[in-house]
Amino acid sequence: MRNNHNDVEAKITQLQHQTKSYLYEIKKLVDELSEPVSMNIISYFTYSLNISHDPEQESLCIGSYHIHNLGNQPITNPSMCIKVSTGSPFSFSGRYVYADFKQSLKVADGWERTNEKTNKEEFWLRPLGKASIEPNETISFSNFQITWSPKESYAASILGFTYSDQMKDGIAVINPINLNGTVQKQEDENE
């Protein structure tokens with residue numbers, strides 16, 4: 001009987017060692033299956049339009065540019081470029097500061113324009129106090145305005161491009177703003 005008892009204990013000890021070995025192997029395999037690095041970002045515009053068909057009145061687009069990190073790694077040093085079509089009647093404005101502005105004007109969730117003030121077609125912006133976009137986080141350049149008073153027919157676009165350390169070549173917004181209109185010329189009644 002004693003021999004039988006020792007056999008059972010030996011068998012239990014053997015099974016415990018085997019279980020530990022299996023658990024070690026499973027843990028090792030799970031560690032190797034760790035989630036691969038995923039860089040996935042999407043940028044897009046949201047906007048509202050108030051378009052006047054009277055050439056004496058101003059038309060308006062109020063918009064926001066959003067950058068959303070869909071990946072599982074932070075996006076570092078994000079920036080954006082908003083481009084207005086060359087020769088368009090559009091005038092772009094937004095809440096941003098320049099590097100030479102007083103520190104008191106640079107709010108934590110604000111944006112800094114990094115290219116020349118005189119450039120009316122490209123607006124290079126970077127967030128102040130925000131060096132990265134964490135996974136599943138969105139940052140926004142909100143409430144920019146595009147105004148125009150068309151004196152003649154027009155067709156132009158507002159394009160956006162997002163850049164970061166991981167995307168040096170940039171990616172385009174998924175929905176550029178395309179605006180066009182036809183202005184009817186009034187003929188002189190005396191002709």
# chains A, B, ... in the order shown; residues from 1 in each chain; ligands from 1

call {"tool": "residues_around", "arguments": {"residues": "Phe123 in chain A", "least_positions_apart": "3", "cutoff": "12 Å", "atoms": "only C-alpha atoms", "output": "PyMOL selection string"}}
result
chain A and resi 79-85+91-98+111-120+126+141+144+158-162

call {"tool": "select_by_dssp", "arguments": {"residues": "range 4-177 of chain A", "states": "alpha helix (DSSP H)", "output": "list in words"}}
result
Asn4, His5, Asn6, Asp7, Val8, Glu9, Ala10, Lys11, Ile12, Thr13, Gln14, Leu15, Gln16, His17, Gln18, Thr19, Lys20, Ser21, Tyr22, Leu23, Tyr24, Glu25, Ile26, Lys27, Lys28, Leu29, Val30, Asp31 and Glu32 of chain A

call {"tool": "write_last_selection", "arguments": {"atoms": "N, CA and C atoms", "output": "PDB file, in the first residue's frame"}}
result
ATOM      1  N   ASN A   4       2.161   2.101  -3.403  1.00  0.00           N
ATOM      2  CA  ASN A   4       1.120   2.677  -4.243  1.00  0.00           C
ATOM      3  C   ASN A   4       0.958   4.177  -3.960  1.00  0.00           C
ATOM      4  N   HIS A   5       1.047   4.528  -2.664  1.00  0.00           N
ATOM      5  CA  HIS A   5       0.953   5.926  -2.251  1.00  0.00           C
ATOM      6  C   HIS A   5       2.109   6.750  -2.821  1.00  0.00           C
ATOM      7  N   ASN A   6       3.323   6.203  -2.800  1.00  0.00           N
ATOM      8  CA  ASN A   6       4.492   6.885  -3.369  1.00  0.00           C
ATOM      9  C   ASN A   6       4.361   7.060  -4.877  1.00  0.00           C
ATOM     10  N   ASP A   7       3.782   6.075  -5.530  1.00  0.00           N
ATOM     11  CA  ASP A   7       3.575   6.178  -6.985  1.00  0.00           C
ATOM     12  C   ASP A   7       2.622   7.319  -7.324  1.00  0.00           C
ATOM     13  N   VAL A   8       1.581   7.468  -6.542  1.00  0.00           N
ATOM     14  CA  VAL A   8       0.602   8.546  -6.767  1.00  0.00           C
ATOM     15  C   VAL A   8       1.275   9.905  -6.563  1.00  0.00           C
ATOM     16  N   GLU A   9       2.038  10.065  -5.487  1.00  0.00           N
ATOM     17  CA  GLU A   9       2.745  11.325  -5.224  1.00  0.00           C
ATOM     18  C   GLU A   9       3.738  11.635  -6.342  1.00  0.00           C
ATOM     19  N   ALA A  10       4.428  10.637  -6.807  1.00  0.00           N
ATOM     20  CA  ALA A  10       5.384  10.831  -7.902  1.00  0.00           C
ATOM     21  C   ALA A  10       4.657  11.256  -9.169  1.00  0.00           C
ATOM     22  N   LYS A  11       3.525  10.641  -9.408  1.00  0.00           N
ATOM     23  CA  LYS A  11       2.746  10.985 -10.601  1.00  0.00           C
ATOM     24  C   LYS A  11       2.232  12.437 -10.503  1.00  0.00           C
ATOM     25  N   ILE A  12       1.762  12.830  -9.326  1.00  0.00           N
ATOM     26  CA  ILE A  12       1.286  14.220  -9.111  1.00  0.00           C
ATOM     27  C   ILE A  12       2.427  15.202  -9.317  1.00  0.00           C
ATOM     28  N   THR A  13       3.577  14.924  -8.765  1.00  0.00           N
ATOM     29  CA  THR A  13       4.738  15.797  -8.938  1.00  0.00           C
ATOM     30  C   THR A  13       5.122  15.903 -10.411  1.00  0.00           C
ATOM     31  N   GLN A  14       5.092  14.777 -11.097  1.00  0.00           N
ATOM     32  CA  GLN A  14       5.415  14.777 -12.528  1.00  0.00           C
ATOM     33  C   GLN A  14       4.406  15.638 -13.304  1.00  0.00           C
ATOM     34  N   LEU A  15       3.117  15.516 -12.987  1.00  0.00           N
ATOM     35  CA  LEU A  15       2.077  16.314 -13.660  1.00  0.00           C
ATOM     36  C   LEU A  15       2.220  17.810 -13.347  1.00  0.00           C
ATOM     37  N   GLN A  16       2.597  18.140 -12.118  1.00  0.00           N
ATOM     38  CA  GLN A  16       2.815  19.544 -11.755  1.00  0.00           C
ATOM     39  C   GLN A  16       3.969  20.135 -12.562  1.00  0.00           C
ATOM     40  N   HIS A  17       5.056  19.413 -12.693  1.00  0.00           N
ATOM     41  CA  HIS A  17       6.198  19.883 -13.498  1.00  0.00           C
ATOM     42  C   HIS A  17       5.797  20.047 -14.959  1.00  0.00           C
ATOM     43  N   GLN A  18       5.026  19.071 -15.464  1.00  0.00           N
ATOM     44  CA  GLN A  18       4.578  19.132 -16.848  1.00  0.00           C
ATOM     45  C   GLN A  18       3.661  20.350 -17.059  1.00  0.00           C
ATOM     46  N   THR A  19       2.759  20.628 -16.108  1.00  0.00           N
ATOM     47  CA  THR A  19       1.851  21.778 -16.192  1.00  0.00           C
ATOM     48  C   THR A  19       2.646  23.088 -16.186  1.00  0.00           C
ATOM     49  N   LYS A  20       3.638  23.170 -15.286  1.00  0.00           N
ATOM     50  CA  LYS A  20       4.483  24.362 -15.243  1.00  0.00           C
ATOM     51  C   LYS A  20       5.211  24.561 -16.564  1.00  0.00           C
ATOM     52  N   SER A  21       5.684  23.495 -17.125  1.00  0.00           N
ATOM     53  CA  SER A  21       6.384  23.555 -18.408  1.00  0.00           C
ATOM     54  C   SER A  21       5.443  24.037 -19.517  1.00  0.00           C
ATOM     55  N   TYR A  22       4.227  23.488 -19.535  1.00  0.00           N
ATOM     56  CA  TYR A  22       3.237  23.916 -20.544  1.00  0.00           C
ATOM     57  C   TYR A  22       2.887  25.398 -20.374  1.00  0.00           C
ATOM     58  N   LEU A  23       2.669  25.823 -19.133  1.00  0.00           N
ATOM     59  CA  LEU A  23       2.342  27.230 -18.868  1.00  0.00           C
ATOM     60  C   LEU A  23       3.477  28.152 -19.311  1.00  0.00           C
ATOM     61  N   TYR A  24       4.704  27.734 -19.069  1.00  0.00           N
ATOM     62  CA  TYR A  24       5.861  28.515 -19.498  1.00  0.00           C
ATOM     63  C   TYR A  24       5.875  28.656 -21.024  1.00  0.00           C
ATOM     64  N   GLU A  25       5.645  27.542 -21.715  1.00  0.00           N
ATOM     65  CA  GLU A  25       5.637  27.563 -23.185  1.00  0.00           C
ATOM     66  C   GLU A  25       4.488  28.435 -23.713  1.00  0.00           C
ATOM     67  N   ILE A  26       3.312  28.341 -23.099  1.00  0.00           N
ATOM     68  CA  ILE A  26       2.160  29.150 -23.522  1.00  0.00           C
ATOM     69  C   ILE A  26       2.450  30.630 -23.302  1.00  0.00           C
ATOM     70  N   LYS A  27       3.013  30.967 -22.146  1.00  0.00           N
ATOM     71  CA  LYS A  27       3.340  32.362 -21.850  1.00  0.00           C
ATOM     72  C   LYS A  27       4.346  32.906 -22.862  1.00  0.00           C
ATOM     73  N   LYS A  28       5.333  32.083 -23.180  1.00  0.00           N
ATOM     74  CA  LYS A  28       6.356  32.479 -24.153  1.00  0.00           C
ATOM     75  C   LYS A  28       5.708  32.752 -25.518  1.00  0.00           C
ATOM     76  N   LEU A  29       4.791  31.895 -25.956  1.00  0.00           N
ATOM     77  CA  LEU A  29       4.110  32.082 -27.246  1.00  0.00           C
ATOM     78  C   LEU A  29       3.223  33.337 -27.238  1.00  0.00           C
ATOM     79  N   VAL A  30       2.533  33.578 -26.125  1.00  0.00           N
ATOM     80  CA  VAL A  30       1.687  34.772 -26.015  1.00  0.00           C
ATOM     81  C   VAL A  30       2.541  36.035 -26.078  1.00  0.00           C
ATOM     82  N   ASP A  31       3.661  36.042 -25.407  1.00  0.00           N
ATOM     83  CA  ASP A  31       4.560  37.200 -25.448  1.00  0.00           C
ATOM     84  C   ASP A  31       5.042  37.475 -26.867  1.00  0.00           C
ATOM     85  N   GLU A  32       5.285  36.425 -27.626  1.00  0.00           N
ATOM     86  CA  GLU A  32       5.734  36.597 -29.014  1.00  0.00           C
ATOM     87  C   GLU A  32       4.619  37.118 -29.910  1.00  0.00           C
TER      88      GLU A  32
END

call {"tool": "select_by_dssp", "arguments": {"residues": "chain A", "states": "strand (DSSP E)", "output": "number ranges by chain"}}
result
A: 41-50, 59-69, 75-76, 79-84, 91-93, 97-98, 111-113, 122-127, 132-133, 138-148, 154-163, 171-172, 177-181

call {"tool": "residues_around", "arguments": {"residues": "Ser88 in chain A", "least_positions_apart": "2", "cutoff": "9 Å", "atoms": "only C-alpha atoms", "output": "list in words"}}
result
Val84, Ser85, Thr86, Phe90, Ser91, Trp148, Tyr154, Ala155, Ala156 and Ser157 of chain A

call {"tool": "residues_around", "arguments": {"residues": "Val183 in chain A", "least_positions_apart": "4", "cutoff": "12 Å", "atoms": "only C-alpha atoms", "output": "VMD selection string"}}
result
chain A and resid 52 to 56 149 to 155

call {"tool": "write_last_selection", "arguments": {"atoms": "C-alpha atoms", "output": "PDB file, in the first residue's frame"}}
result
ATOM      1  CA  SER A  52     -24.595  84.043 -51.075  1.00  0.00           C
ATOM      2  CA  HIS A  53     -25.566  84.268 -54.726  1.00  0.00           C
ATOM      3  CA  ASP A  54     -25.438  88.042 -54.536  1.00  0.00           C
ATOM      4  CA  PRO A  55     -21.995  89.222 -55.722  1.00  0.00           C
ATOM      5  CA  GLU A  56     -22.251  92.160 -53.309  1.00  0.00           C
ATOM      6  CA  SER A 149     -17.173  87.668 -52.537  1.00  0.00           C
ATOM      7  CA  PRO A 150     -17.277  86.278 -56.062  1.00  0.00           C
ATOM      8  CA  LYS A 151     -17.240  88.874 -58.804  1.00  0.00           C
ATOM      9  CA  GLU A 152     -16.922  86.153 -61.446  1.00  0.00           C
ATOM     10  CA  SER A 153     -17.369  82.373 -61.653  1.00  0.00           C
ATOM     11  CA  TYR A 154     -14.958  80.349 -59.534  1.00  0.00           C
ATOM     12  CA  ALA A 155     -13.851  76.795 -58.850  1.00  0.00           C
TER      13      ALA A 155
END

call {"tool": "closest_residue", "arguments": {"among": "A:Asn180, A:Ile139, A:Gly110, A:Gln166", "to": "Phe45 in chain A", "atoms": "only C-alpha atoms"}}
result
A:Ile139
